[in-house]
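Student: Structure file run_22.csv, CSV, C-alpha atoms, is pasted below:
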```csv
chain,number,residue,atom,x,y,z
A,1,MET,CA,-38.1,21.5,15.3
A,2,SER,CA,-34.8,21.2,13.7
A,3,LYS,CA,-33.5,19.3,16.6
A,4,ARG,CA,-34.6,16.5,14.3
A,5,VAL,CA,-31.8,17.5,12.0
A,6,LEU,CA,-29.2,16.9,14.7
A,7,ASP,CA,-30.8,13.5,15.4
A,8,LEU,CA,-30.6,12.6,11.8
A,9,LEU,CA,-27.0,13.7,11.6
A,10,GLU,CA,-26.0,11.7,14.6
A,11,ALA,CA,-27.9,8.7,13.4
A,12,ARG,CA,-26.2,8.9,10.0
A,13,PHE,CA,-22.6,9.9,10.9
A,14,GLY,CA,-22.3,8.8,14.5
A,15,PRO,CA,-18.8,9.4,15.8
A,16,ALA,CA,-18.1,12.0,13.0
A,17,ILE,CA,-20.4,14.3,14.8
A,18,LEU,CA,-18.1,15.5,17.6
A,19,GLU,CA,-20.4,17.7,19.5
A,20,THR,CA,-24.0,19.0,19.2
A,21,HIS,CA,-25.6,21.9,20.8
A,22,SER,CA,-29.2,23.2,20.8
A,23,GLN,CA,-30.4,26.3,22.4
A,24,PHE,CA,-33.2,28.8,21.5
A,25,GLY,CA,-34.0,27.0,18.3
A,26,ASP,CA,-30.3,27.3,17.3
A,27,ASP,CA,-28.8,24.0,16.4
A,28,THR,CA,-25.1,23.4,16.1
A,29,ALA,CA,-23.1,20.4,15.1
A,30,VAL,CA,-19.3,20.1,15.2
A,31,ILE,CA,-18.2,17.9,12.4
A,32,GLU,CA,-15.1,15.8,12.0
A,33,PRO,CA,-13.1,17.9,9.4
A,34,ALA,CA,-12.3,14.8,7.3
A,35,ARG,CA,-16.0,14.2,6.6
A,36,TRP,CA,-17.0,17.9,6.2
A,37,ARG,CA,-18.0,17.7,2.5
A,38,GLU,CA,-19.7,14.3,3.0
A,39,VAL,CA,-21.9,15.8,5.7
A,40,ALA,CA,-22.6,18.8,3.5
A,41,PHE,CA,-23.8,16.6,0.7
A,42,PHE,CA,-26.1,14.8,3.1
A,43,LEU,CA,-27.5,18.0,4.5
A,44,ARG,CA,-28.3,19.2,1.0
A,45,ASP,CA,-29.6,16.0,-0.6
A,46,ASP,CA,-31.5,14.2,2.1
A,47,PRO,CA,-35.2,15.1,1.6
A,48,ARG,CA,-35.8,15.2,5.4
A,49,VAL,CA,-33.1,17.8,5.8
A,50,ALA,CA,-32.9,19.6,2.4
A,51,MET,CA,-30.6,22.4,3.3
A,52,ASN,CA,-30.9,24.0,-0.1
A,53,MET,CA,-29.9,27.5,1.0
A,54,PHE,CA,-26.3,28.4,1.8
A,55,VAL,CA,-26.4,31.3,4.2
A,56,ASP,CA,-22.9,32.0,5.5
A,57,LEU,CA,-19.4,30.7,6.0
A,58,CYS,CA,-16.7,32.2,8.0
A,59,GLY,CA,-13.7,31.4,10.1
A,60,VAL,CA,-12.9,32.0,13.8
A,61,ASP,CA,-9.4,32.1,15.3
A,62,TYR,CA,-9.3,30.7,18.8
A,63,LEU,CA,-5.6,31.3,19.4
A,64,GLY,CA,-4.8,31.0,23.1
A,65,VAL,CA,-8.4,30.0,23.8
A,66,SER,CA,-8.9,26.6,22.3
A,67,GLU,CA,-7.2,23.6,23.7
A,68,GLY,CA,-7.5,21.7,20.4
A,69,PRO,CA,-7.4,22.9,16.8
A,70,ARG,CA,-6.9,26.7,16.5
A,71,PHE,CA,-9.4,27.6,13.9
A,72,GLU,CA,-13.1,26.9,13.5
A,73,VAL,CA,-14.9,27.0,10.1
A,74,VAL,CA,-18.5,28.0,10.7
A,75,CYS,CA,-21.2,27.4,8.1
A,76,HIS,CA,-24.9,28.4,8.4
A,77,LEU,CA,-27.5,26.6,6.3
A,78,ARG,CA,-31.2,26.9,5.8
A,79,SER,CA,-33.9,24.8,4.3
A,80,LEU,CA,-36.5,26.7,2.4
A,81,GLN,CA,-38.9,23.7,2.3
A,82,HIS,CA,-38.8,22.9,5.9
A,83,ALA,CA,-37.9,26.3,7.2
A,84,HIS,CA,-35.2,25.2,9.5
A,85,ARG,CA,-31.6,26.1,10.0
A,86,ILE,CA,-28.4,24.5,11.2
A,87,ARG,CA,-25.0,25.7,12.0
A,88,ILE,CA,-22.1,23.3,11.3
A,89,LYS,CA,-18.5,23.7,12.4
A,90,ALA,CA,-15.2,22.1,11.7
A,91,ARG,CA,-12.2,22.6,13.9
A,92,VAL,CA,-8.9,22.7,12.0
A,93,GLY,CA,-5.3,24.0,12.2
A,94,ALA,CA,-2.4,23.7,14.5
A,95,GLU,CA,-1.3,26.4,17.0
A,96,ASP,CA,1.2,27.9,14.6
A,97,GLY,CA,-1.4,28.3,11.9
A,98,SER,CA,-0.3,25.4,9.7
A,99,ASP,CA,-2.4,22.5,8.5
A,100,ALA,CA,-5.6,24.6,8.5
A,101,GLU,CA,-7.3,22.8,5.7
A,102,VAL,CA,-10.8,21.6,5.1
A,103,ASP,CA,-12.7,20.4,2.1
A,104,SER,CA,-14.4,23.0,0.0
A,105,VAL,CA,-18.2,23.0,-0.1
A,106,VAL,CA,-18.4,24.8,-3.4
A,107,PRO,CA,-19.3,21.6,-5.2
A,108,VAL,CA,-22.3,21.4,-2.8
A,109,TRP,CA,-23.4,25.0,-2.8
A,110,ARG,CA,-22.1,27.2,-5.5
A,111,GLY,CA,-22.7,30.3,-3.3
A,112,ALA,CA,-19.9,29.2,-1.0
A,113,ASP,CA,-17.3,30.3,-3.5
A,114,TRP,CA,-16.6,33.9,-2.4
A,115,PHE,CA,-17.2,33.1,1.3
A,116,GLU,CA,-14.5,30.5,1.2
A,117,ARG,CA,-12.2,32.9,-0.6
A,118,GLU,CA,-12.8,35.5,2.1
A,119,THR,CA,-12.1,33.0,4.8
A,120,PHE,CA,-8.9,32.0,3.1
A,121,ASP,CA,-8.0,35.7,2.6
A,122,MET,CA,-8.6,36.7,6.2
A,123,MET,CA,-7.8,33.6,8.1
A,124,GLY,CA,-5.5,31.5,5.8
A,125,ILE,CA,-7.8,28.5,6.0
A,126,VAL,CA,-7.3,26.5,2.8
A,127,PHE,CA,-10.3,24.9,1.2
A,128,ARG,CA,-9.3,21.8,-0.7
A,129,GLY,CA,-11.1,21.5,-4.1
A,130,HIS,CA,-12.1,25.1,-4.3
A,131,PRO,CA,-12.1,26.1,-8.0
A,132,ASP,CA,-10.4,29.4,-7.6
A,133,LEU,CA,-8.9,30.0,-4.2
A,134,ARG,CA,-7.4,33.5,-4.4
A,135,ARG,CA,-7.5,36.5,-2.1
A,136,ILE,CA,-10.7,38.4,-2.6
A,137,LEU,CA,-10.4,41.5,-0.4
A,138,MET,CA,-6.7,42.0,0.1
A,139,TYR,CA,-4.3,42.5,-2.8
A,140,PRO,CA,-2.1,39.6,-4.0
A,141,GLU,CA,1.0,41.3,-2.7
A,142,PHE,CA,-0.3,41.1,0.9
A,143,VAL,CA,1.7,38.8,3.1
A,144,GLY,CA,0.0,37.0,5.9
A,145,TYR,CA,-3.6,36.8,7.0
A,146,PRO,CA,-4.9,39.9,8.7
A,147,LEU,CA,-7.7,38.5,10.9
A,148,ARG,CA,-5.5,36.0,12.5
A,149,LYS,CA,-4.9,36.9,16.2
A,150,ASP,CA,-1.2,36.9,15.7
A,151,TYR,CA,-1.2,39.4,12.9
A,152,PRO,CA,0.1,42.6,14.4
A,153,ALA,CA,-2.7,45.1,14.8
A,154,ASP,CA,-0.6,48.1,13.6
A,155,LYS,CA,1.1,46.3,10.7
A,156,ILE,CA,0.4,47.8,7.3
A,157,GLN,CA,1.7,46.8,3.9
A,158,PRO,CA,1.2,49.8,1.6
A,159,LEU,CA,1.1,49.3,-2.1
A,160,VAL,CA,2.2,52.9,-2.8
A,161,PRO,CA,5.2,54.1,-0.9
A,162,PHE,CA,4.4,56.9,1.5
A,163,ARG,CA,5.4,60.4,0.5
A,164,GLU,CA,8.7,61.7,1.9
A,165,GLY,CA,8.1,63.6,5.1
A,166,THR,CA,4.6,62.4,5.7
A,167,LEU,CA,5.6,60.5,8.8
A,168,GLY,CA,6.4,63.0,11.4
A,169,LYS,CA,6.5,66.2,9.3
A,170,LEU,CA,3.0,67.1,8.0
A,171,PRO,CA,0.8,68.3,10.8
A,172,PRO,CA,-1.5,67.2,12.2
A,173,PHE,CA,-1.4,63.6,11.2
A,174,GLY,CA,1.8,62.1,12.5
A,175,PRO,CA,2.3,58.4,12.9
A,176,ASP,CA,1.2,58.5,16.5
A,177,GLU,CA,-2.0,60.3,15.8
A,178,GLY,CA,-5.2,59.0,14.5
A,179,MET,CA,-6.3,56.4,16.9
A,180,SER,CA,-3.5,56.4,19.4
A,181,PHE,CA,-5.5,54.5,22.0
A,182,GLY,CA,-6.0,51.7,19.5
A,183,ARG,CA,-2.3,51.3,19.0
A,184,GLN,CA,-1.6,51.3,22.7
A,185,THR,CA,-4.1,48.7,23.6
A,186,HIS,CA,-3.3,46.4,20.7
A,187,SER,CA,0.5,46.4,20.7
A,188,PHE,CA,0.9,44.4,23.9
A,189,PRO,CA,3.0,41.3,23.3
A,190,ARG,CA,1.0,38.2,24.0
A,191,GLY,CA,1.1,36.9,27.5
A,192,GLU,CA,1.7,40.2,29.1
A,193,ASN,CA,-1.1,41.9,31.0
B,1,MET,CA,-13.8,105.3,-8.5
B,2,GLY,CA,-10.5,105.2,-6.9
B,3,GLU,CA,-8.7,102.5,-5.2
B,4,LEU,CA,-10.6,99.5,-4.0
B,5,SER,CA,-11.0,99.5,-0.3
B,6,GLY,CA,-11.7,97.0,2.5
B,7,PRO,CA,-12.1,93.4,1.9
B,8,GLN,CA,-12.0,93.6,-1.9
B,9,ARG,CA,-8.6,95.2,-1.8
B,10,ALA,CA,-7.5,92.6,0.7
B,11,GLU,CA,-8.7,89.8,-1.6
B,12,ALA,CA,-6.7,90.9,-4.5
B,13,GLY,CA,-3.6,91.2,-2.3
B,14,GLY,CA,-3.7,94.9,-2.5
B,15,ASN,CA,-2.8,94.8,-6.1
B,16,VAL,CA,-5.9,96.2,-7.7
B,17,GLN,CA,-6.3,99.8,-8.5
B,18,VAL,CA,-9.3,101.3,-10.2
B,19,LEU,CA,-8.3,104.5,-11.9
B,20,GLU,CA,-10.1,107.5,-13.0
B,21,GLY,CA,-9.7,107.7,-16.7
B,22,SER,CA,-12.7,106.9,-18.8
B,23,GLU,CA,-16.3,107.0,-18.6
B,24,HIS,CA,-16.5,103.3,-17.3
B,25,GLY,CA,-13.2,103.1,-15.5
B,26,PHE,CA,-10.5,100.5,-15.8
B,27,ALA,CA,-8.4,98.6,-13.4
B,28,THR,CA,-4.8,97.7,-13.1
B,29,THR,CA,-3.6,94.5,-11.4
B,30,ARG,CA,-0.9,91.9,-11.6
B,31,VAL,CA,-1.3,89.1,-14.1
B,32,ASP,CA,-0.8,86.4,-11.5
B,33,ALA,CA,-3.3,88.0,-9.2
B,34,LEU,CA,-5.8,88.0,-12.1
B,35,LEU,CA,-5.0,84.4,-13.0
B,36,ASN,CA,-5.4,83.3,-9.4
B,37,TRP,CA,-8.7,85.1,-9.2
B,38,ALA,CA,-9.9,83.3,-12.4
B,39,LYS,CA,-8.7,80.0,-11.1
B,40,LYS,CA,-10.4,80.2,-7.7
B,41,TYR,CA,-13.8,80.7,-9.3
B,42,SER,CA,-13.6,78.0,-11.9
B,43,LEU,CA,-12.7,74.9,-10.1
B,44,PHE,CA,-13.4,71.9,-12.3
B,45,GLN,CA,-13.8,69.0,-9.9
B,46,TYR,CA,-13.1,65.3,-10.1
B,47,PRO,CA,-15.1,63.5,-7.4
B,48,PHE,CA,-13.2,60.4,-6.2
B,49,VAL,CA,-16.1,59.0,-4.1
B,50,THR,CA,-15.4,55.8,-2.3
B,51,ALA,CA,-17.7,55.7,0.8
B,52,CYS,CA,-20.6,57.1,2.7
B,53,CYS,CA,-19.3,60.7,2.6
B,54,GLY,CA,-20.6,60.6,-1.0
B,55,MET,CA,-24.1,61.1,0.3
B,56,GLU,CA,-23.0,64.4,1.9
B,57,PHE,CA,-21.2,65.2,-1.3
B,58,MET,CA,-24.5,64.8,-3.2
B,59,ALA,CA,-26.2,67.1,-0.7
B,60,LEU,CA,-23.5,69.6,-1.3
B,61,ALA,CA,-23.8,69.5,-5.0
B,62,SER,CA,-27.6,69.6,-5.0
B,63,PRO,CA,-29.6,72.8,-4.9
B,64,ARG,CA,-30.0,73.2,-1.2
B,65,PHE,CA,-26.4,73.8,-0.6
B,66,ASP,CA,-25.4,74.4,-4.2
B,67,MET,CA,-21.7,74.2,-4.6
B,68,ALA,CA,-22.2,76.0,-7.9
B,69,ARG,CA,-22.4,79.3,-6.1
B,70,PHE,CA,-18.6,79.1,-5.6
B,71,GLY,CA,-17.7,78.4,-9.2
B,72,ALA,CA,-17.0,74.7,-8.3
B,73,GLU,CA,-19.9,73.5,-10.3
B,74,ALA,CA,-18.9,71.3,-13.2
B,75,PRO,CA,-17.7,67.8,-12.4
B,76,ARG,CA,-15.3,66.3,-14.9
B,77,PHE,CA,-15.1,62.6,-14.8
B,78,SER,CA,-11.7,62.6,-16.5
B,79,PRO,CA,-8.8,63.7,-14.3
B,80,ARG,CA,-7.2,65.3,-17.2
B,81,GLN,CA,-9.8,68.0,-17.3
B,82,ALA,CA,-10.1,68.6,-13.6
B,83,ASP,CA,-8.5,71.1,-11.3
B,84,LEU,CA,-9.7,69.9,-8.0
B,85,LEU,CA,-9.6,66.3,-6.8
B,86,TRP,CA,-12.2,65.5,-4.1
B,87,VAL,CA,-11.2,62.5,-2.2
B,88,VAL,CA,-14.6,61.6,-0.6
B,89,GLY,CA,-14.4,58.6,1.7
B,90,THR,CA,-12.1,55.9,3.0
B,91,ILE,CA,-9.1,55.0,0.9
B,92,SER,CA,-7.9,51.4,1.3
B,93,GLN,CA,-4.4,50.3,0.6
B,94,ARG,CA,-5.7,48.5,-2.4
B,95,GLN,CA,-7.2,51.8,-3.8
B,96,ALA,CA,-4.1,53.8,-3.2
B,97,PRO,CA,-2.4,53.1,-6.5
B,98,ALA,CA,-5.5,54.2,-8.4
B,99,LEU,CA,-5.8,57.4,-6.4
B,100,ARG,CA,-2.1,58.1,-6.9
B,101,ARG,CA,-2.5,57.5,-10.6
B,102,ILE,CA,-5.5,59.8,-10.9
B,103,TYR,CA,-3.6,62.5,-9.1
B,104,GLU,CA,-0.7,62.2,-11.5
B,105,GLN,CA,-3.0,62.3,-14.5
B,106,MET,CA,-4.4,65.7,-13.5
B,107,ALA,CA,-2.8,68.7,-15.2
B,108,ASP,CA,-1.3,71.6,-13.2
B,109,PRO,CA,-2.5,73.6,-11.5
B,110,LYS,CA,-4.3,71.1,-9.4
B,111,TRP,CA,-5.6,71.0,-5.9
B,112,VAL,CA,-6.7,68.2,-3.5
B,113,LEU,CA,-9.5,68.3,-0.9
B,114,ALA,CA,-9.8,65.6,1.7
B,115,PHE,CA,-13.5,65.2,2.3
B,116,GLY,CA,-14.2,63.7,5.7
B,117,THR,CA,-12.3,62.2,8.5
B,118,CYS,CA,-11.3,59.0,6.7
B,119,ALA,CA,-9.7,60.8,3.8
B,120,SER,CA,-8.0,63.2,6.2
B,121,SER,CA,-6.5,60.8,8.7
B,122,GLY,CA,-8.0,57.4,8.2
B,123,GLY,CA,-10.5,58.1,11.0
B,124,PHE,CA,-11.1,55.1,13.2
B,125,TYR,CA,-9.9,52.7,10.6
B,126,ASP,CA,-6.5,52.2,12.3
B,127,ASN,CA,-5.9,48.8,10.7
B,128,TYR,CA,-4.1,46.8,8.0
B,129,THR,CA,-6.3,47.9,5.2
B,130,THR,CA,-6.8,51.7,5.4
B,131,VAL,CA,-4.5,54.5,4.3
B,132,ALA,CA,-4.2,56.8,7.3
B,133,GLY,CA,-5.0,59.9,5.4
B,134,ILE,CA,-4.5,60.6,1.7
B,135,ASP,CA,-1.6,63.0,2.5
B,136,LYS,CA,0.5,59.8,2.9
B,137,ILE,CA,0.1,59.3,-0.9
B,138,ILE,CA,-0.6,62.6,-2.5
B,139,PRO,CA,-0.2,66.2,-1.4
B,140,CYS,CA,-3.4,67.5,0.1
B,141,ASP,CA,-4.4,71.2,0.3
B,142,VAL,CA,-7.5,71.2,2.4
B,143,TYR,CA,-8.8,68.8,5.1
B,144,VAL,CA,-12.5,68.8,5.9
B,145,PRO,CA,-13.1,66.8,9.1
B,146,GLY,CA,-16.4,65.2,10.0
B,147,CYS,CA,-18.0,61.8,9.7
B,148,PRO,CA,-19.4,62.9,7.3
B,149,PRO,CA,-18.8,66.6,7.3
B,150,ARG,CA,-21.8,68.9,7.1
B,151,PRO,CA,-22.1,70.6,3.8
B,152,GLU,CA,-21.4,73.9,5.6
B,153,SER,CA,-18.0,72.6,6.6
B,154,VAL,CA,-17.3,71.6,3.1
B,155,ILE,CA,-18.2,75.0,1.8
B,156,ASP,CA,-15.9,76.4,4.5
B,157,GLY,CA,-13.2,74.1,3.0
B,158,ILE,CA,-13.9,75.4,-0.5
B,159,LEU,CA,-13.6,79.0,0.7
B,160,LEU,CA,-10.3,78.2,2.5
B,161,LEU,CA,-9.1,76.6,-0.8
B,162,GLN,CA,-10.1,79.7,-2.7
B,163,ASP,CA,-8.2,81.8,-0.4
B,164,LYS,CA,-5.2,79.6,-0.8
B,165,ILE,CA,-5.5,79.8,-4.6
B,166,ALA,CA,-5.8,83.6,-4.4
B,167,ARG,CA,-2.7,83.8,-2.3
B,168,GLY,CA,-0.8,81.7,-5.0
B,169,ASP,CA,0.1,79.3,-2.2
B,170,ARG,CA,1.0,75.9,-3.5
B,171,THR,CA,2.5,74.3,-0.4
B,172,PRO,CA,0.7,71.1,0.5
B,173,GLY,CA,-0.5,70.6,4.0
B,174,VAL,CA,-3.0,72.2,6.3
B,175,VAL,CA,-4.6,75.5,5.5
B,176,LYS,CA,-3.9,77.8,8.4
B,177,PRO,CA,-7.0,78.8,10.4
B,178,ARG,CA,-8.4,82.2,9.8
B,179,ASN,CA,-7.4,83.5,13.1
B,180,ASN,CA,-4.6,82.5,15.3
B,181,PRO,CA,-6.2,80.9,18.4
B,182,VAL,CA,-3.3,82.1,20.6
B,183,THR,CA,-3.0,85.7,19.6
B,184,GLY,CA,-6.4,86.2,18.2
B,185,GLU,CA,-4.8,87.8,15.1
B,186,GLN,CA,-6.9,87.7,12.0
B,187,ALA,CA,-5.4,86.3,8.9
B,188,LEU,CA,-5.8,88.1,5.6
B,189,VAL,CA,-8.7,86.3,4.1
B,190,SER,CA,-12.0,87.3,2.6
B,191,ILE,CA,-14.8,85.1,3.6
B,192,GLY,CA,-18.2,86.2,2.9
B,193,THR,CA,-17.3,89.1,0.7
B,194,LYS,CA,-18.4,89.8,-2.8
B,195,PRO,CA,-16.1,88.6,-5.6
B,196,MET,CA,-13.6,91.0,-6.7
B,197,THR,CA,-15.0,93.3,-9.3
B,198,MET,CA,-12.9,94.8,-12.1
B,199,GLY,CA,-14.4,98.2,-12.0
B,200,GLU,CA,-18.0,99.0,-12.2
B,201,THR,CA,-20.1,97.3,-14.8
B,202,PRO,CA,-21.4,99.8,-17.2
B,203,LYS,CA,-25.1,100.1,-17.3
B,204,PRO,CA,-26.8,99.1,-20.5
B,205,PRO,CA,-28.2,102.0,-22.4
B,206,ALA,CA,-31.8,102.6,-21.6
B,207,ARG,CA,-34.1,101.2,-24.2
B,208,PRO,CA,-36.4,103.5,-25.9
B,209,VAL,CA,-39.9,103.2,-24.4
B,210,LYS,CA,-42.5,102.3,-26.9
B,211,ALA,CA,-45.3,104.7,-27.0
```
Kindly return the structure encoded in the file as structure tokens.

Tutor:
Amino acid sequence: MSKRVLDLLEARFGPAILETHSQFGDDTAVIEPARWREVAFFLRDDPRVAMNMFVDLCGVDYLGVSEGPRFEVVCHLRSLQHAHRIRIKARVGAEDGSDAEVDSVVPVWRGADWFERETFDMMGIVFRGHPDLRRILMYPEFVGYPLRKDYPADKIQPLVPFREGTLGKLPPFGPDEGMSFGRQTHSFPRGEN
Amino acid sequence: MGELSGPQRAEAGGNVQVLEGSEHGFATTRVDALLNWAKKYSLFQYPFVTACCGMEFMALASPRFDMARFGAEAPRFSPRQADLLWVVGTISQRQAPALRRIYEQMADPKWVLAFGTCASSGGFYDNYTTVAGIDKIIPCDVYVPGCPPRPESVIDGILLLQDKIARGDRTPGVVKPRNNPVTGEQALVSIGTKPMTMGETPKPPARPVKA
């Protein structure tokens, strides 16, 4: 049913819709990042589409997988009137993690506020025009973006210095214990294996 | 009357003597042994509950398992009035300063019990956000593993802590197991015995029976 939404999007924005996909009632459109907010306003305001419910927004890191931009911002929307859904994506960011910017959709859906903050916090994707783009889960002293694929899996940044002698002295919880298999599998340098 | 024997004597560290001398009897002991005995049965607790282990903590505090039987009944929601800090659940790096501060606000003597695997070692959260065991931040006396631990395990932990208090042992770290798994040697502990009694309780005088 909501294949119609994809048709409307393509009719309205044409080349700004980079790619569409429809399977099992799941409709996806990849949007040109420069027109991200414009498309969002259209999806909300056009009465034939009327995506008045913001469902989810998150980021995906395709480091080493994607040929083009590194990150993908994924947004899920639903229309309560028409009972249809759509997933829109924007691909942003260079291989080194820079230039990962997209327009905020907080002016379109107020509920996107904390989702964009979380995506910024975890992935380092900057949402232009967000009213209060701060970290939401990690502490302000945290350096880097923990869910990026190039963040070291065993890197911690404690706020409280560890007690003297806790690393290596106090049994049974030395630095190598806990989930040793996790450290071993995640510490491979990239490209090896 | 006479000297205490068996587990009761062991519990008091062999320091209690009940002497013949009066109608009701009296006991001699060392002051520190008496103080430790008092401390171990009056643990005021501060529950620092952060995660799902809290559900099991509620089960422990409620009548079916009834932590009150061990003197650890009254929760105090100010660390300044508490003796025993329960760290119940996962501690994230962001919570670590709060936990450290609460520990520092508690007055001596104070003890810490790590409730569950996350508090003990971080559990399976081997990542950027979780403290791998509260002993990295504050000294910890007893570790109760489990995800979450059964209330029985926690009661076991309380009893181990009581033994530790009775010994006057203040070294942080892991409470030694009751028996050495290699030699099979039994440690000097008193699980499942009655509390130490200070002589026999005098019987109240019989009431006159109304005719």

Student: Take atom CA of Ala61 of chain B and atom CA of Pro75 of chain B and report the distance between them in Å, one decimal.

Tutor: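 Distance between the two atoms: 9.7 Å.
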
Student: Set the cut-off to 6 Å and count all atoms listed in the file: what are the residues of chain A that reach chain B? Output as a PDB file with C-alpha atoms, keeping the file's coordinate frame.

Tutor:
```pdb
ATOM      1  CA  LYS A 155       1.100  46.300  10.700  1.00  0.00           C
ATOM      2  CA  ILE A 156       0.400  47.800   7.300  1.00  0.00           C
ATOM      3  CA  PRO A 158       1.200  49.800   1.600  1.00  0.00           C
ATOM      4  CA  VAL A 160       2.200  52.900  -2.800  1.00  0.00           C
ATOM      5  CA  PHE A 162       4.400  56.900   1.500  1.00  0.00           C
ATOM      6  CA  ARG A 163       5.400  60.400   0.500  1.00  0.00           C
ATOM      7  CA  THR A 166       4.600  62.400   5.700  1.00  0.00           C
TER       8      THR A 166
END
```

Student: Extract, using all atoms listed in the file, all DNA, RNA and protein residues at most 10 Å from Lys149 of chain A, discarding same-chain residues fewer than 2 positions from it, and format them as number ranges by chain.

Tutor: A: 60-64, 123, 145-147, 151-153, 190

Student: What gap, in Å, lies between atom CA of Gly144 of chain A and atom CA of Glu95 of chain A?

Tutor: 15.4 Å

Student: Residues near segment 14-16 of chain A, anyone? I mean within 9 Å using only C-alpha atoms, not counting same-chain ones fewer than 6 positions away, as a list in words.

Tutor: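 After dropping sequence-adjacent residues, the list is Val30, Ile31, Glu32, Pro33, Ala34 and Arg35 of chain A.
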
Student: Rounded to one decimal place, report the atom CA of Gln45 of chain B-atom CA of Glu104 of chain B distance in Å.

Tutor: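 One can read the atom CA of Gln45 of chain B to atom CA of Glu104 of chain B distance as 14.8 Å.
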
Student: Between A:Lys89, A:Arg135, A:His130, A:Arg4, which has the minimum distance to Gly111 of chain A (counting all atoms listed in the file)?

Tutor: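 Smallest distance to Gly111 of chain A is found for A:His130.
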
Student: Residues within 12 Å of Ala68 of chain B, please, as a list in words. Count all atoms listed in the file; anything in the same chain fewer than 3 positions from it doesn't count.

Tutor: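 In the requested form, the answer reads Tyr41, Ser42, Leu43, Phe44, Gln45, Leu60, Ala61, Ser62, Pro63, Arg64, Phe65, Gly71, Ala72, Glu73, Ala74, Pro75, Ile155 and Ile158 of chain B.
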
Student: So that I can see what lies close to Gly93 of chain A, please list as a list in words the residues with an atom at most 8 Å from it, counting only C-alpha atoms and leaving out residues fewer than 6 positions away in the same chain.

Tutor: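 Close residues of Gly93 of chain A: Pro69, Arg70, Phe71, Asp99, Ala100 and Glu101 of chain A.
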
Student: Can you work out which one of B:Phe48, B:Tyr143, B:Trp111, B:Trp37 has the shortest atom-to-atom distance to Val88 of chain B, counting all atoms listed in the file?

Tutor: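 That would be B:Phe48, the residue with the smallest distance to Val88 of chain B.
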
Student: Using only C-alpha atoms - which residues lie no farther than 7 Å from the point (-11.9, 66.5, -5.4) in the file's frame? Write them as a list in words.

Tutor: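 So the residues meeting the distance criterion are Gln45, Tyr46, Pro47, Phe48, Leu84, Leu85, Trp86, Val87, Val112 and Leu113 of chain B.
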
Student: Would you put the residues from that selection into a file with C-alpha atoms, as an mmCIF file, in the coordinates of the input?

Tutor:
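Wrote part-v8.cif, looks like this:
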```cif
data_model
loop_
_atom_site.group_PDB
_atom_site.id
_atom_site.type_symbol
_atom_site.label_atom_id
_atom_site.label_comp_id
_atom_site.auth_asym_id
_atom_site.auth_seq_id
_atom_site.Cartn_x
_atom_site.Cartn_y
_atom_site.Cartn_z
ATOM 1 C CA GLN B 45 -13.800 69.000 -9.900
ATOM 2 C CA TYR B 46 -13.100 65.300 -10.100
ATOM 3 C CA PRO B 47 -15.100 63.500 -7.400
ATOM 4 C CA PHE B 48 -13.200 60.400 -6.200
ATOM 5 C CA LEU B 84 -9.700 69.900 -8.000
ATOM 6 C CA LEU B 85 -9.600 66.300 -6.800
ATOM 7 C CA TRP B 86 -12.200 65.500 -4.100
ATOM 8 C CA VAL B 87 -11.200 62.500 -2.200
ATOM 9 C CA VAL B 112 -6.700 68.200 -3.500
ATOM 10 C CA LEU B 113 -9.500 68.300 -0.900
#
```

Student: For Lys40 of chain B, which residue out of B:Gly146, B:Tyr103, B:Phe70, B:Ala114 is the nearest one, using all atoms listed in the file?

Tutor: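 Once distances to Lys40 of chain B are computed over all atoms listed in the file, the minimum belongs to B:Phe70.
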
Student: Starting from the sparse input, extend segment 36-44 of chain B to N, CA and C atoms and give the output as an mmCIF file, in the frame of the given file.

Tutor:
```
data_model
loop_
_atom_site.group_PDB
_atom_site.id
_atom_site.type_symbol
_atom_site.label_atom_id
_atom_site.label_comp_id
_atom_site.auth_asym_id
_atom_site.auth_seq_id
_atom_site.Cartn_x
_atom_site.Cartn_y
_atom_site.Cartn_z
ATOM 1 N N ASN B 36 -4.991 83.978 -10.614
ATOM 2 C CA ASN B 36 -5.400 83.300 -9.400
ATOM 3 C C ASN B 36 -6.915 83.563 -9.164
ATOM 4 N N TRP B 37 -7.301 84.789 -9.420
ATOM 5 C CA TRP B 37 -8.700 85.100 -9.200
ATOM 6 C C TRP B 37 -9.583 84.319 -10.177
ATOM 7 N N ALA B 38 -9.103 84.123 -11.407
ATOM 8 C CA ALA B 38 -9.900 83.300 -12.400
ATOM 9 C C ALA B 38 -9.905 81.860 -11.941
ATOM 10 N N LYS B 39 -8.771 81.372 -11.462
ATOM 11 C CA LYS B 39 -8.700 80.000 -11.100
ATOM 12 C C LYS B 39 -9.631 79.647 -9.930
ATOM 13 N N LYS B 40 -9.680 80.540 -8.965
ATOM 14 C CA LYS B 40 -10.400 80.200 -7.700
ATOM 15 C C LYS B 40 -11.907 80.126 -7.981
ATOM 16 N N TYR B 41 -12.399 80.799 -9.010
ATOM 17 C CA TYR B 41 -13.800 80.700 -9.300
ATOM 18 C C TYR B 41 -14.188 79.801 -10.415
ATOM 19 N N SER B 42 -13.252 78.986 -10.858
ATOM 20 C CA SER B 42 -13.600 78.000 -11.900
ATOM 21 C C SER B 42 -12.964 76.691 -11.641
ATOM 22 N N LEU B 43 -13.228 76.166 -10.457
ATOM 23 C CA LEU B 43 -12.700 74.900 -10.100
ATOM 24 C C LEU B 43 -13.458 73.763 -10.770
ATOM 25 N N PHE B 44 -12.815 73.061 -11.693
ATOM 26 C CA PHE B 44 -13.400 71.900 -12.300
ATOM 27 C C PHE B 44 -13.070 70.716 -11.350
#
```
